[in-house]
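Participant: To be precise about what I am sending: the file is called work_7.cif and holds mmCIF, C-alpha atoms and all ligand atoms.
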data_input
#
loop_
_atom_site.group_PDB
_atom_site.id
_atom_site.type_symbol
_atom_site.label_atom_id
_atom_site.label_comp_id
_atom_site.auth_asym_id
_atom_site.auth_seq_id
_atom_site.Cartn_x
_atom_site.Cartn_y
_atom_site.Cartn_z
ATOM 1 C CA MET A 8 0.000 0.000 0.000
ATOM 2 C CA THR A 9 1.264 3.483 -0.861
ATOM 3 C CA ASP A 10 1.841 6.019 1.888
ATOM 4 C CA PRO A 11 0.214 9.445 1.726
ATOM 5 C CA ILE A 12 2.544 12.108 0.327
ATOM 6 C CA ILE A 13 0.985 14.768 2.580
ATOM 7 C CA ARG A 14 -0.241 13.993 6.032
ATOM 8 C CA PHE A 15 -1.747 16.293 8.681
ATOM 9 C CA ASP A 16 -2.076 14.618 12.017
ATOM 10 C CA ASN A 17 -4.385 16.477 14.396
ATOM 11 C CA VAL A 18 -2.971 19.895 13.476
ATOM 12 C CA THR A 19 -3.994 23.078 15.253
ATOM 13 C CA TYR A 20 -2.048 26.190 14.339
ATOM 14 C CA HIS A 21 -1.931 29.694 15.850
ATOM 15 C CA TYR A 22 -0.130 32.575 14.105
ATOM 16 C CA PRO A 23 2.134 34.456 16.549
ATOM 17 C CA GLY A 24 0.161 36.458 19.077
ATOM 18 C CA THR A 25 -3.296 35.309 17.953
ATOM 19 C CA GLU A 26 -6.085 33.890 20.114
ATOM 20 C CA GLU A 27 -8.070 32.119 17.426
ATOM 21 C CA PRO A 28 -6.357 29.252 15.656
ATOM 22 C CA ALA A 29 -6.044 29.590 11.867
ATOM 23 C CA LEU A 30 -6.283 25.787 11.579
ATOM 24 C CA ARG A 31 -8.131 23.499 13.973
ATOM 25 C CA ASP A 32 -7.883 19.715 14.408
ATOM 26 C CA ILE A 33 -6.846 19.075 10.835
ATOM 27 C CA ASP A 34 -6.551 15.408 9.901
ATOM 28 C CA LEU A 35 -5.814 14.996 6.246
ATOM 29 C CA GLU A 36 -4.090 12.543 3.953
ATOM 30 C CA ILE A 37 -3.291 13.245 0.325
ATOM 31 C CA MET A 38 -2.010 10.409 -1.846
ATOM 32 C CA PRO A 39 0.719 10.729 -4.487
ATOM 33 C CA GLY A 40 -0.788 11.699 -7.845
ATOM 34 C CA GLU A 41 -4.028 13.119 -6.407
ATOM 35 C CA TYR A 42 -5.477 16.413 -7.661
ATOM 36 C CA VAL A 43 -7.087 18.044 -4.646
ATOM 37 C CA ALA A 44 -9.076 21.274 -4.688
ATOM 38 C CA ILE A 45 -9.539 23.365 -1.556
ATOM 39 C CA LEU A 46 -12.579 25.576 -1.180
ATOM 40 C CA GLY A 47 -13.502 28.029 1.569
ATOM 41 C CA LEU A 48 -14.413 31.624 2.344
ATOM 42 C CA ASN A 49 -11.863 34.408 2.823
ATOM 43 C CA GLY A 50 -9.959 33.821 6.037
ATOM 44 C CA ALA A 51 -11.026 30.149 6.257
ATOM 45 C CA GLY A 52 -7.416 28.935 6.481
ATOM 46 C CA LYS A 53 -6.727 27.747 2.916
ATOM 47 C CA THR A 54 -3.428 29.590 2.410
ATOM 48 C CA THR A 55 -2.287 28.635 5.914
ATOM 49 C CA LEU A 56 -2.918 24.981 5.061
ATOM 50 C CA GLY A 57 -0.787 25.358 1.907
ATOM 51 C CA LEU A 58 1.994 27.091 3.860
ATOM 52 C CA CYS A 59 2.098 24.151 6.285
ATOM 53 C CA VAL A 60 2.864 21.846 3.377
ATOM 54 C CA ASN A 61 5.893 23.841 2.196
ATOM 55 C CA GLY A 62 6.982 24.436 5.777
ATOM 56 C CA VAL A 63 6.728 28.245 5.709
ATOM 57 C CA VAL A 64 4.325 27.608 8.597
ATOM 58 C CA PRO A 65 5.779 27.253 11.149
ATOM 59 C CA THR A 66 9.456 27.416 10.122
ATOM 60 C CA MET A 67 9.434 30.986 8.792
ATOM 61 C CA LEU A 68 6.241 32.465 10.220
ATOM 62 C CA GLY A 69 6.611 31.107 13.743
ATOM 63 C CA GLY A 70 3.491 30.676 15.845
ATOM 64 C CA THR A 71 2.536 27.400 17.472
ATOM 65 C CA LEU A 72 1.798 24.255 15.560
ATOM 66 C CA GLU A 73 0.318 21.380 17.521
ATOM 67 C CA GLY A 74 0.186 17.962 15.892
ATOM 68 C CA SER A 75 2.361 17.154 12.901
ATOM 69 C CA VAL A 76 2.602 17.747 9.175
ATOM 70 C CA THR A 77 4.634 15.236 7.174
ATOM 71 C CA VAL A 78 5.419 15.629 3.505
ATOM 72 C CA GLY A 79 7.064 12.764 1.680
ATOM 73 C CA GLY A 80 7.651 11.231 5.113
ATOM 74 C CA LEU A 81 9.534 14.311 6.401
ATOM 75 C CA ASP A 82 8.303 16.350 9.345
ATOM 76 C CA VAL A 83 8.055 19.845 7.824
ATOM 77 C CA GLY A 84 8.799 21.563 11.121
ATOM 78 C CA GLU A 85 12.262 20.013 11.107
ATOM 79 C CA TYR A 86 13.408 20.931 7.594
ATOM 80 C CA PRO A 87 14.541 24.280 6.200
ATOM 81 C CA VAL A 88 12.053 25.764 3.706
ATOM 82 C CA ARG A 89 14.792 25.657 1.068
ATOM 83 C CA GLU A 90 14.947 21.856 1.435
ATOM 84 C CA MET A 91 11.160 21.580 1.325
ATOM 85 C CA ALA A 92 11.178 23.575 -1.944
ATOM 86 C CA LYS A 93 12.736 20.545 -3.609
ATOM 87 C CA ILE A 94 9.620 18.552 -2.738
ATOM 88 C CA VAL A 95 6.894 21.200 -2.750
ATOM 89 C CA GLY A 96 6.478 23.996 -5.301
ATOM 90 C CA MET A 97 4.014 26.770 -4.558
ATOM 91 C CA VAL A 98 2.599 29.452 -6.863
ATOM 92 C CA PHE A 99 0.464 32.361 -5.767
ATOM 93 C CA ASP A 100 -2.359 34.489 -7.100
ATOM 94 C CA ASN A 101 -0.407 37.373 -8.542
ATOM 95 C CA PRO A 102 2.023 36.135 -11.213
ATOM 96 C CA GLU A 103 3.496 39.618 -11.721
ATOM 97 C CA PHE A 104 4.763 39.787 -8.145
ATOM 98 C CA GLN A 105 6.489 36.439 -8.562
ATOM 99 C CA MET A 106 8.639 37.765 -11.406
ATOM 100 C CA SER A 107 11.898 39.444 -10.438
ATOM 101 C CA GLN A 108 14.252 38.770 -13.369
ATOM 102 C CA LEU A 109 14.877 40.315 -16.766
ATOM 103 C CA SER A 110 14.256 37.190 -18.817
ATOM 104 C CA ALA A 111 12.127 34.063 -18.595
ATOM 105 C CA ALA A 112 15.290 31.922 -18.530
ATOM 106 C CA GLU A 113 16.674 33.830 -15.534
ATOM 107 C CA GLU A 114 13.331 33.500 -13.778
ATOM 108 C CA VAL A 115 13.570 29.723 -14.036
ATOM 109 C CA ALA A 116 17.322 29.764 -13.224
ATOM 110 C CA LEU A 117 16.836 31.572 -9.911
ATOM 111 C CA GLY A 118 15.594 28.602 -7.871
ATOM 112 C CA LEU A 119 18.110 26.294 -9.543
ATOM 113 C CA GLU A 120 20.980 28.588 -8.604
ATOM 114 C CA ASN A 121 19.754 28.739 -5.018
ATOM 115 C CA ALA A 122 19.613 24.962 -4.964
ATOM 116 C CA GLY A 123 23.224 24.812 -6.194
ATOM 117 C CA ILE A 124 22.446 23.127 -9.537
ATOM 118 C CA ALA A 125 25.462 23.099 -11.900
ATOM 119 C CA TYR A 126 25.435 25.459 -14.898
ATOM 120 C CA GLU A 127 25.608 22.645 -17.461
ATOM 121 C CA ASP A 128 22.500 21.081 -15.933
ATOM 122 C CA MET A 129 20.710 24.426 -15.860
ATOM 123 C CA VAL A 130 21.130 24.999 -19.601
ATOM 124 C CA ARG A 131 19.330 21.698 -20.167
ATOM 125 C CA ILE A 132 16.651 22.062 -17.473
ATOM 126 C CA ILE A 133 15.563 25.608 -18.410
ATOM 127 C CA PRO A 134 14.396 24.974 -21.999
ATOM 128 C CA GLU A 135 12.904 21.608 -20.970
ATOM 129 C CA THR A 136 10.830 23.241 -18.256
ATOM 130 C CA LEU A 137 9.712 26.135 -20.438
ATOM 131 C CA GLU A 138 8.555 23.649 -23.046
ATOM 132 C CA LEU A 139 6.632 21.707 -20.406
ATOM 133 C CA VAL A 140 4.466 24.756 -19.651
ATOM 134 C CA GLY A 141 4.024 25.700 -23.304
ATOM 135 C CA LEU A 142 6.643 28.480 -23.303
ATOM 136 C CA LYS A 143 9.120 26.863 -25.675
ATOM 137 C CA GLY A 144 11.551 29.429 -27.092
ATOM 138 C CA PHE A 145 10.577 32.096 -24.540
ATOM 139 C CA GLU A 146 14.025 32.079 -22.838
ATOM 140 C CA GLU A 147 14.980 35.656 -23.713
ATOM 141 C CA ARG A 148 11.510 37.192 -23.333
ATOM 142 C CA SER A 149 10.918 39.726 -20.582
ATOM 143 C CA PRO A 150 8.538 38.282 -17.950
ATOM 144 C CA LEU A 151 6.740 41.611 -17.679
ATOM 145 C CA GLY A 152 5.939 41.560 -21.401
ATOM 146 C CA LEU A 153 4.059 38.259 -21.104
ATOM 147 C CA SER A 154 0.291 37.865 -20.721
ATOM 148 C CA GLY A 155 -1.039 37.037 -17.261
ATOM 149 C CA GLY A 156 -1.567 33.401 -18.204
ATOM 150 C CA GLN A 157 1.959 33.171 -19.617
ATOM 151 C CA GLN A 158 3.416 34.802 -16.488
ATOM 152 C CA GLN A 159 1.599 32.335 -14.293
ATOM 153 C CA ARG A 160 2.883 29.450 -16.424
ATOM 154 C CA LEU A 161 6.389 30.891 -16.080
ATOM 155 C CA ALA A 162 5.935 30.963 -12.300
ATOM 156 C CA ILE A 163 4.883 27.313 -12.529
ATOM 157 C CA ALA A 164 7.966 26.562 -14.675
ATOM 158 C CA ALA A 165 10.194 28.183 -12.048
ATOM 159 C CA VAL A 166 8.892 25.784 -9.397
ATOM 160 C CA LEU A 167 8.791 22.779 -11.750
ATOM 161 C CA ALA A 168 12.477 23.243 -12.572
ATOM 162 C CA MET A 169 13.153 22.048 -9.027
ATOM 163 C CA LYS A 170 11.310 18.801 -9.881
ATOM 164 C CA PRO A 171 8.972 18.972 -6.915
ATOM 165 C CA GLN A 172 6.652 16.036 -6.244
ATOM 166 C CA ILE A 173 3.873 18.384 -5.176
ATOM 167 C CA LEU A 174 2.539 21.527 -6.844
ATOM 168 C CA ILE A 175 0.433 23.838 -4.690
ATOM 169 C CA MET A 176 -1.400 26.665 -6.415
ATOM 170 C CA ASP A 177 -3.007 29.350 -4.254
ATOM 171 C CA GLU A 178 -5.780 30.969 -6.306
ATOM 172 C CA PRO A 179 -3.473 30.827 -9.336
ATOM 173 C CA THR A 180 -5.997 32.259 -11.756
ATOM 174 C CA SER A 181 -7.790 34.914 -9.719
ATOM 175 C CA ASN A 182 -6.028 37.679 -11.656
ATOM 176 C CA LEU A 183 -6.291 36.068 -15.075
ATOM 177 C CA ASP A 184 -8.766 36.390 -17.936
ATOM 178 C CA PRO A 185 -10.728 33.278 -19.024
ATOM 179 C CA ILE A 186 -8.066 32.218 -21.542
ATOM 180 C CA GLY A 187 -5.288 32.610 -18.954
ATOM 181 C CA LYS A 188 -7.332 30.556 -16.461
ATOM 182 C CA GLN A 189 -7.820 27.795 -18.998
ATOM 183 C CA GLU A 190 -4.065 27.788 -19.799
ATOM 184 C CA VAL A 191 -3.067 27.398 -16.166
ATOM 185 C CA PHE A 192 -5.591 24.694 -15.338
ATOM 186 C CA SER A 193 -4.815 22.658 -18.408
ATOM 187 C CA ILE A 194 -1.074 22.740 -17.568
ATOM 188 C CA ALA A 195 -1.811 21.607 -14.013
ATOM 189 C CA GLY A 196 -4.159 18.916 -15.360
ATOM 190 C CA LYS A 197 -1.487 17.712 -17.768
ATOM 191 C CA LEU A 198 1.234 17.588 -15.077
ATOM 192 C CA ASN A 199 -1.132 15.632 -12.888
ATOM 193 C CA LYS A 200 -2.363 13.144 -15.508
ATOM 194 C CA GLU A 201 0.813 12.675 -17.522
ATOM 195 C CA ALA A 202 3.576 13.167 -14.957
ATOM 196 C CA GLY A 203 1.641 11.920 -11.916
ATOM 197 C CA MET A 204 2.349 15.134 -10.035
ATOM 198 C CA THR A 205 0.369 15.676 -6.854
ATOM 199 C CA VAL A 206 -1.588 18.919 -7.300
ATOM 200 C CA VAL A 207 -3.289 20.949 -4.572
ATOM 201 C CA VAL A 208 -5.279 23.918 -5.846
ATOM 202 C CA ILE A 209 -6.878 26.560 -3.694
ATOM 203 C CA GLU A 210 -9.704 27.779 -5.839
ATOM 204 C CA HIS A 211 -13.062 29.540 -5.878
ATOM 205 C CA GLU A 212 -14.230 28.398 -9.272
ATOM 206 C CA VAL A 213 -16.358 25.375 -8.523
ATOM 207 C CA GLU A 214 -17.020 24.665 -12.200
ATOM 208 C CA VAL A 215 -13.285 24.227 -12.809
ATOM 209 C CA MET A 216 -12.945 22.108 -9.678
ATOM 210 C CA ALA A 217 -15.734 19.793 -10.760
ATOM 211 C CA LYS A 218 -13.922 19.273 -14.037
ATOM 212 C CA PHE A 219 -10.332 18.701 -12.850
ATOM 213 C CA ALA A 220 -10.169 17.602 -9.222
ATOM 214 C CA ASP A 221 -10.206 14.055 -7.830
ATOM 215 C CA ARG A 222 -11.224 15.383 -4.442
ATOM 216 C CA VAL A 223 -12.678 18.555 -2.943
ATOM 217 C CA ILE A 224 -11.948 19.722 0.583
ATOM 218 C CA VAL A 225 -14.039 22.483 2.140
ATOM 219 C CA ILE A 226 -12.541 24.524 4.975
ATOM 220 C CA ASP A 227 -14.548 26.711 7.293
ATOM 221 C CA HIS A 228 -13.093 28.652 10.217
ATOM 222 C CA GLY A 229 -9.920 26.572 10.161
ATOM 223 C CA ARG A 230 -11.699 23.211 10.101
ATOM 224 C CA ILE A 231 -12.211 20.668 7.354
ATOM 225 C CA VAL A 232 -16.000 20.441 7.090
ATOM 226 C CA MET A 233 -16.350 18.454 3.851
ATOM 227 C CA ASN A 234 -13.930 16.102 2.128
ATOM 228 C CA GLY A 235 -14.849 13.855 -0.793
ATOM 229 C CA ALA A 236 -15.274 13.338 -4.514
ATOM 230 C CA PRO A 237 -16.292 16.493 -6.431
ATOM 231 C CA GLU A 238 -19.629 14.918 -7.475
ATOM 232 C CA GLU A 239 -20.382 14.188 -3.846
ATOM 233 C CA ILE A 240 -19.318 17.528 -2.353
ATOM 234 C CA LEU A 241 -20.310 19.998 -5.068
ATOM 235 C CA SER A 242 -23.828 18.583 -5.357
ATOM 236 C CA ARG A 243 -24.562 19.591 -1.751
ATOM 237 C CA VAL A 244 -26.024 22.924 -2.866
ATOM 238 C CA LYS A 245 -27.760 23.869 0.396
ATOM 239 C CA GLU A 246 -24.904 22.910 2.710
ATOM 240 C CA LEU A 247 -22.447 24.864 0.583
ATOM 241 C CA GLY A 248 -24.868 27.791 0.559
ATOM 242 C CA ALA A 249 -25.100 27.692 4.356
ATOM 243 C CA LEU A 250 -21.307 28.079 4.453
ATOM 244 C CA GLY A 251 -21.526 31.061 2.092
ATOM 245 C CA LEU A 252 -20.162 29.048 -0.831
ATOM 246 C CA ARG A 253 -21.499 28.557 -4.303
ATOM 247 C CA ALA A 254 -22.219 25.225 -5.972
ATOM 248 C CA PRO A 255 -21.755 24.776 -9.734
ATOM 249 C CA GLU A 256 -24.566 26.315 -11.818
ATOM 250 C CA ALA A 257 -25.598 22.876 -13.050
ATOM 251 C CA ALA A 258 -26.084 21.657 -9.467
ATOM 252 C CA VAL A 259 -28.030 24.776 -8.495
ATOM 253 C CA LEU A 260 -30.336 24.376 -11.490
ATOM 254 C CA ALA A 261 -30.982 20.691 -10.769
ATOM 255 C CA ASP A 262 -31.645 21.444 -7.098
ATOM 256 C CA ASP A 263 -34.129 24.128 -8.073
ATOM 257 C CA LEU A 264 -35.935 21.830 -10.484
ATOM 258 C CA ARG A 265 -35.937 19.011 -7.923
ATOM 259 C CA ALA A 266 -37.700 21.280 -5.404
ATOM 260 C CA ARG A 267 -40.455 21.707 -8.017
ATOM 261 C CA GLY A 268 -40.636 17.981 -8.646
ATOM 262 C CA LEU A 269 -39.065 18.384 -12.077
ATOM 263 C CA TRP A 270 -35.714 16.700 -11.474
ATOM 264 C CA THR A 271 -35.041 13.080 -10.591
ATOM 265 C CA GLY A 272 -31.760 11.219 -10.275
ATOM 266 C CA PRO A 273 -28.385 12.522 -9.127
ATOM 267 C CA THR A 274 -27.455 16.206 -9.004
ATOM 268 C CA PRO A 275 -24.975 17.008 -11.780
ATOM 269 C CA THR A 276 -21.877 19.077 -10.966
ATOM 270 C CA THR A 277 -20.689 19.687 -14.514
ATOM 271 C CA THR A 278 -22.657 21.213 -17.360
ATOM 272 C CA ALA A 279 -22.691 18.361 -19.895
ATOM 273 C CA PRO A 280 -24.879 15.849 -17.978
ATOM 274 C CA ALA A 281 -27.223 18.659 -16.887
ATOM 275 C CA VAL A 282 -27.753 19.803 -20.466
ATOM 276 C CA GLU A 283 -28.271 16.194 -21.519
ATOM 277 C CA GLN A 284 -30.980 15.606 -18.925
ATOM 278 C CA VAL A 285 -32.755 18.906 -19.641
ATOM 279 C CA ARG A 286 -32.826 17.998 -23.353
ATOM 280 C CA THR A 287 -34.359 14.614 -22.517
ATOM 281 C CA MET A 288 -36.943 16.301 -20.285
ATOM 282 C CA ILE A 289 -37.878 18.766 -23.019
ATOM 283 C CA GLY A 290 -38.134 15.922 -25.504
ATOM 284 C CA ALA A 291 -40.437 13.984 -23.143
ATOM 285 C CA ALA A 292 -42.590 17.059 -22.439
ATOM 286 C CA ARG A 293 -43.104 17.587 -26.151
ATOM 287 C CA GLY A 294 -44.169 13.945 -26.425
HETATM 288 N N1 LIG B 1 0.577 36.323 9.140
HETATM 289 C C1 LIG B 1 -0.554 36.231 9.842
HETATM 290 N N2 LIG B 1 -0.603 36.612 11.138
HETATM 291 C C2 LIG B 1 -1.725 36.500 11.867
HETATM 292 N N3 LIG B 1 -2.872 35.996 11.399
HETATM 293 C C3 LIG B 1 -2.904 35.591 10.116
HETATM 294 C C4 LIG B 1 -1.743 35.698 9.274
HETATM 295 N N4 LIG B 1 -2.069 35.221 8.050
HETATM 296 C C5 LIG B 1 -3.373 34.833 8.132
HETATM 297 N N5 LIG B 1 -3.876 35.054 9.368
HETATM 298 C C6 LIG B 1 -5.222 34.724 9.840
HETATM 299 O O1 LIG B 1 -5.404 33.313 9.740
HETATM 300 C C7 LIG B 1 -6.706 32.981 9.279
HETATM 301 C C8 LIG B 1 -6.616 32.150 8.029
HETATM 302 O O2 LIG B 1 -6.051 32.958 6.990
HETATM 303 P P1 LIG B 1 -5.693 32.391 5.553
HETATM 304 O O3 LIG B 1 -4.923 33.445 4.866
HETATM 305 O O4 LIG B 1 -5.091 31.047 5.675
HETATM 306 O O5 LIG B 1 -7.147 32.252 4.906
HETATM 307 P P2 LIG B 1 -7.564 31.983 3.387
HETATM 308 O O6 LIG B 1 -8.610 30.900 3.446
HETATM 309 O O7 LIG B 1 -6.374 31.724 2.561
HETATM 310 O O8 LIG B 1 -8.274 33.344 2.950
HETATM 311 P P3 LIG B 1 -8.301 34.125 1.532
HETATM 312 O O9 LIG B 1 -9.398 33.466 0.735
HETATM 313 O O10 LIG B 1 -8.649 35.499 1.900
HETATM 314 O O11 LIG B 1 -6.953 33.984 0.885
HETATM 315 C C9 LIG B 1 -7.436 34.316 9.095
HETATM 316 O O12 LIG B 1 -8.171 34.561 10.251
HETATM 317 C C10 LIG B 1 -6.300 35.303 8.941
HETATM 318 O O13 LIG B 1 -6.685 36.575 9.386
HETATM 319 MG MG MG B 2 -5.545 32.679 0.926
#
Using structure tokens, write down the structure from this file.
Ligand SMILES: Nc1ncnc2c1ncn2[C@@H]1O[C@H](COP(=O)(O)OP(=O)(O)OP(=O)(O)O)[C@@H](O)[C@H]1O
Ligand SMILES: [Mg+2]
Facilitator:
Amino acid sequence: MTDPIIRFDNVTYHYPGTEEPALRDIDLEIMPGEYVAILGLNGAGKTTLGLCVNGVVPTMLGGTLEGSVTVGGLDVGEYPVREMAKIVGMVFDNPEFQMSQLSAAEEVALGLENAGIAYEDMVRIIPETLELVGLKGFEERSPLGLSGGQQQRLAIAAVLAMKPQILIMDEPTSNLDPIGKQEVFSIAGKLNKEAGMTVVVIEHEVEVMAKFADRVIVIDHGRIVMNGAPEEILSRVKELGALGLRAPEAAVLADDLRARGLWTGPTPTTTAPAVEQVRTMIGAARG
């Protein structure tokens, strides 16, 4: 049996000088190769959870962490963040702020240099990684001249160059247009499906989640309140609503029709099966 790649064992975490814990009694196991989406309101604890996985909490931010977080079998509290970066790559919501270099190649080189990778390896890794995220031949381009979606893919390339086993994305597309969003999610989907990378995405877009994730975790006030397959979690329209969260449009529509006695069978979480069933219903109504 495979061991989980990420494991939270009864974790409660307080930021320095705070009364209320940012995370409470978190028990969580994520298996290698899973694509997990995390949903929750502002301030729920999503980013904090991600920062526990790369060890920034508690190693850099301090505070008190009760329980344990192990990643790839290592206790994150005991390893420098720089070491954890070889296992866990994290990208954030604002790609522009993650760019500090004059060229795309230098952006990717930065982490490699810090990790002490030899120059002759870097000249091989950089173009390989750029190609992986669909930025082949972009070596000399200025990061600031790229589109938002391209910048975010460059940020992903910079973490992928370190060959992490886990990619965490914290609202990676919140500042992107629809095309940029699609670009980022399809890259993450490809890395997950083709390279078996473990992906954890913090995300508000439930439609996207329903399409890509193997599992959805809902966090509320620092606690995990739902944890299961997207079809199971995202169809719980009323419970999500009570937490201030939105279910996919397809699920909301089906729920509405069910209340009027017009919908039978499972609640869809993606558009295609909902459209299919509505078509059948219209066909039947026409006789
Ligand atoms: N550096 C910090 N010091 C003290 N408290 C913090 C710090 N960072 C976050 N918090 C608090 O911890 C709790 C969880 O915050 P966190 O940023 O993890 O939430 P989030 O779910 O990522 O929210 P958002 O959707 O706004 O990004 C909040 O109450 C927040 O105010
Ligand atoms: Mg956050």
Participant: To verify the selection step, state as a PyMOL selection string which residues the PyMOL selection byres (((not hetatm)) within 8 of (chain B and resi 2)) yields on this input.
Facilitator: chain A and resi 49-50+52-55+177-178+209
Participant: Name all residues at most 8 Å from segment 115-130 of chain A (count all atoms listed in the file; drop same-chain ones fewer than 4 positions away) and give them as a PyMOL selection string.
Facilitator: chain A and resi 89+111+134+161-162+164-166+168-169
Participant: Enumerate residues in contact with ligand LIG 1 (chain B): an atom-to-atom distance of at most 9 Å, counting all atoms listed in the file. Format the result as a PyMOL selection string.
Facilitator: chain A and resi 21-25+27-30+46-58+68+70+177-178+209-211+226-229
Participant: May I have the residues within 9 Å of Tyr86 of chain A as a list in words, using only C-alpha atoms and disregarding those fewer than 5 positions away in the same chain?
Facilitator: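 Residues meeting the cut-off are Gly62, Thr66, Leu81 and Met91 of chain A.
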Participant: May I have the selected residues written with C-alpha atoms, as a PDB file, in the frame of the given file?
Facilitator:
ATOM      1  CA  GLY A  62       6.982  24.436   5.777  1.00  0.00           C
ATOM      2  CA  THR A  66       9.456  27.416  10.122  1.00  0.00           C
ATOM      3  CA  LEU A  81       9.534  14.311   6.401  1.00  0.00           C
ATOM      4  CA  MET A  91      11.160  21.580   1.325  1.00  0.00           C
TER       5      MET A  91
END
Participant: Would you pick out the contacts of segment 41-45 of chain A at 6 Å or less, using all atoms listed in the file, so that residues sharing its chain but fewer than 5 positions from it are not included, and give the list as number ranges by chain?
Facilitator: A: 205-209, 220-225
Participant: I need the chosen residues saved as a short mmCIF file (atom, residue, chain, number, x, y, z; two decimals), keeping the file's coordinate frame, with C-alpha atoms.
Facilitator:
data_model
loop_
_atom_site.label_atom_id
_atom_site.label_comp_id
_atom_site.auth_asym_id
_atom_site.auth_seq_id
_atom_site.Cartn_x
_atom_site.Cartn_y
_atom_site.Cartn_z
CA THR A 205 0.37 15.68 -6.85
CA VAL A 206 -1.59 18.92 -7.30
CA VAL A 207 -3.29 20.95 -4.57
CA VAL A 208 -5.28 23.92 -5.85
CA ILE A 209 -6.88 26.56 -3.69
CA ALA A 220 -10.17 17.60 -9.22
CA ASP A 221 -10.21 14.06 -7.83
CA ARG A 222 -11.22 15.38 -4.44
CA VAL A 223 -12.68 18.56 -2.94
CA ILE A 224 -11.95 19.72 0.58
CA VAL A 225 -14.04 22.48 2.14
#
Participant: If the PyMOL selection byres (((chain A and resi 97) around 7) and not hetatm) is run on the structure shown, which residues does it catch, given as a count of residues only?
Facilitator: 8
Participant: Which is closest to Leu139 of chain A among A:Leu198, A:Ala292, A:Ala92, A:Ile186, if we use all atoms listed in the file?
Facilitator: A:Leu198
Participant: Could you give me, as a compact mmCIF listing (two decimals) with C-alpha atoms, in the coordinates of the input, the residues within 12 Å of Asp82 of chain A, counting only C-alpha atoms and dropping anything in the same chain fewer than 3 positions from it?
Facilitator:
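This is the output file around-v1.txt:
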# COMPACT_ATOMS: atom_id res chain seq x y z
CA ILE A 12 2.54 12.11 0.33
CA ILE A 13 0.98 14.77 2.58
CA ARG A 14 -0.24 13.99 6.03
CA PHE A 15 -1.75 16.29 8.68
CA ASP A 16 -2.08 14.62 12.02
CA CYS A 59 2.10 24.15 6.28
CA VAL A 60 2.86 21.85 3.38
CA ASN A 61 5.89 23.84 2.20
CA GLY A 62 6.98 24.44 5.78
CA VAL A 64 4.32 27.61 8.60
CA PRO A 65 5.78 27.25 11.15
CA THR A 66 9.46 27.42 10.12
CA LEU A 72 1.80 24.26 15.56
CA GLY A 74 0.19 17.96 15.89
CA SER A 75 2.36 17.15 12.90
CA VAL A 76 2.60 17.75 9.18
CA THR A 77 4.63 15.24 7.17
CA VAL A 78 5.42 15.63 3.50
CA GLY A 79 7.06 12.76 1.68
CA GLU A 85 12.26 20.01 11.11
CA TYR A 86 13.41 20.93 7.59
CA PRO A 87 14.54 24.28 6.20
CA VAL A 88 12.05 25.76 3.71
CA GLU A 90 14.95 21.86 1.44
CA MET A 91 11.16 21.58 1.32
Participant: Spell out the residues picked by the PyMOL selection byres (((chain A and resi 19) around 6) and not hetatm) here, as a ChimeraX atom specification.
Facilitator: /A:18,20,30-32,72-73
Participant: Would you compute the distance between atom CA of Asp262 of chain A and atom CA of Val244 of chain A? Give it in Å to one decimal.
Facilitator: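 One can read the atom CA of Asp262 of chain A to atom CA of Val244 of chain A distance as 7.2 Å.
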Participant: So what do you get for atom CA of Ser154 of chain A versus atom CA of Ala195 of chain A, distance-wise?
Facilitator: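 Spanning atom CA of Ser154 of chain A to atom CA of Ala195 of chain A is a straight-line distance of 17.7 Å.
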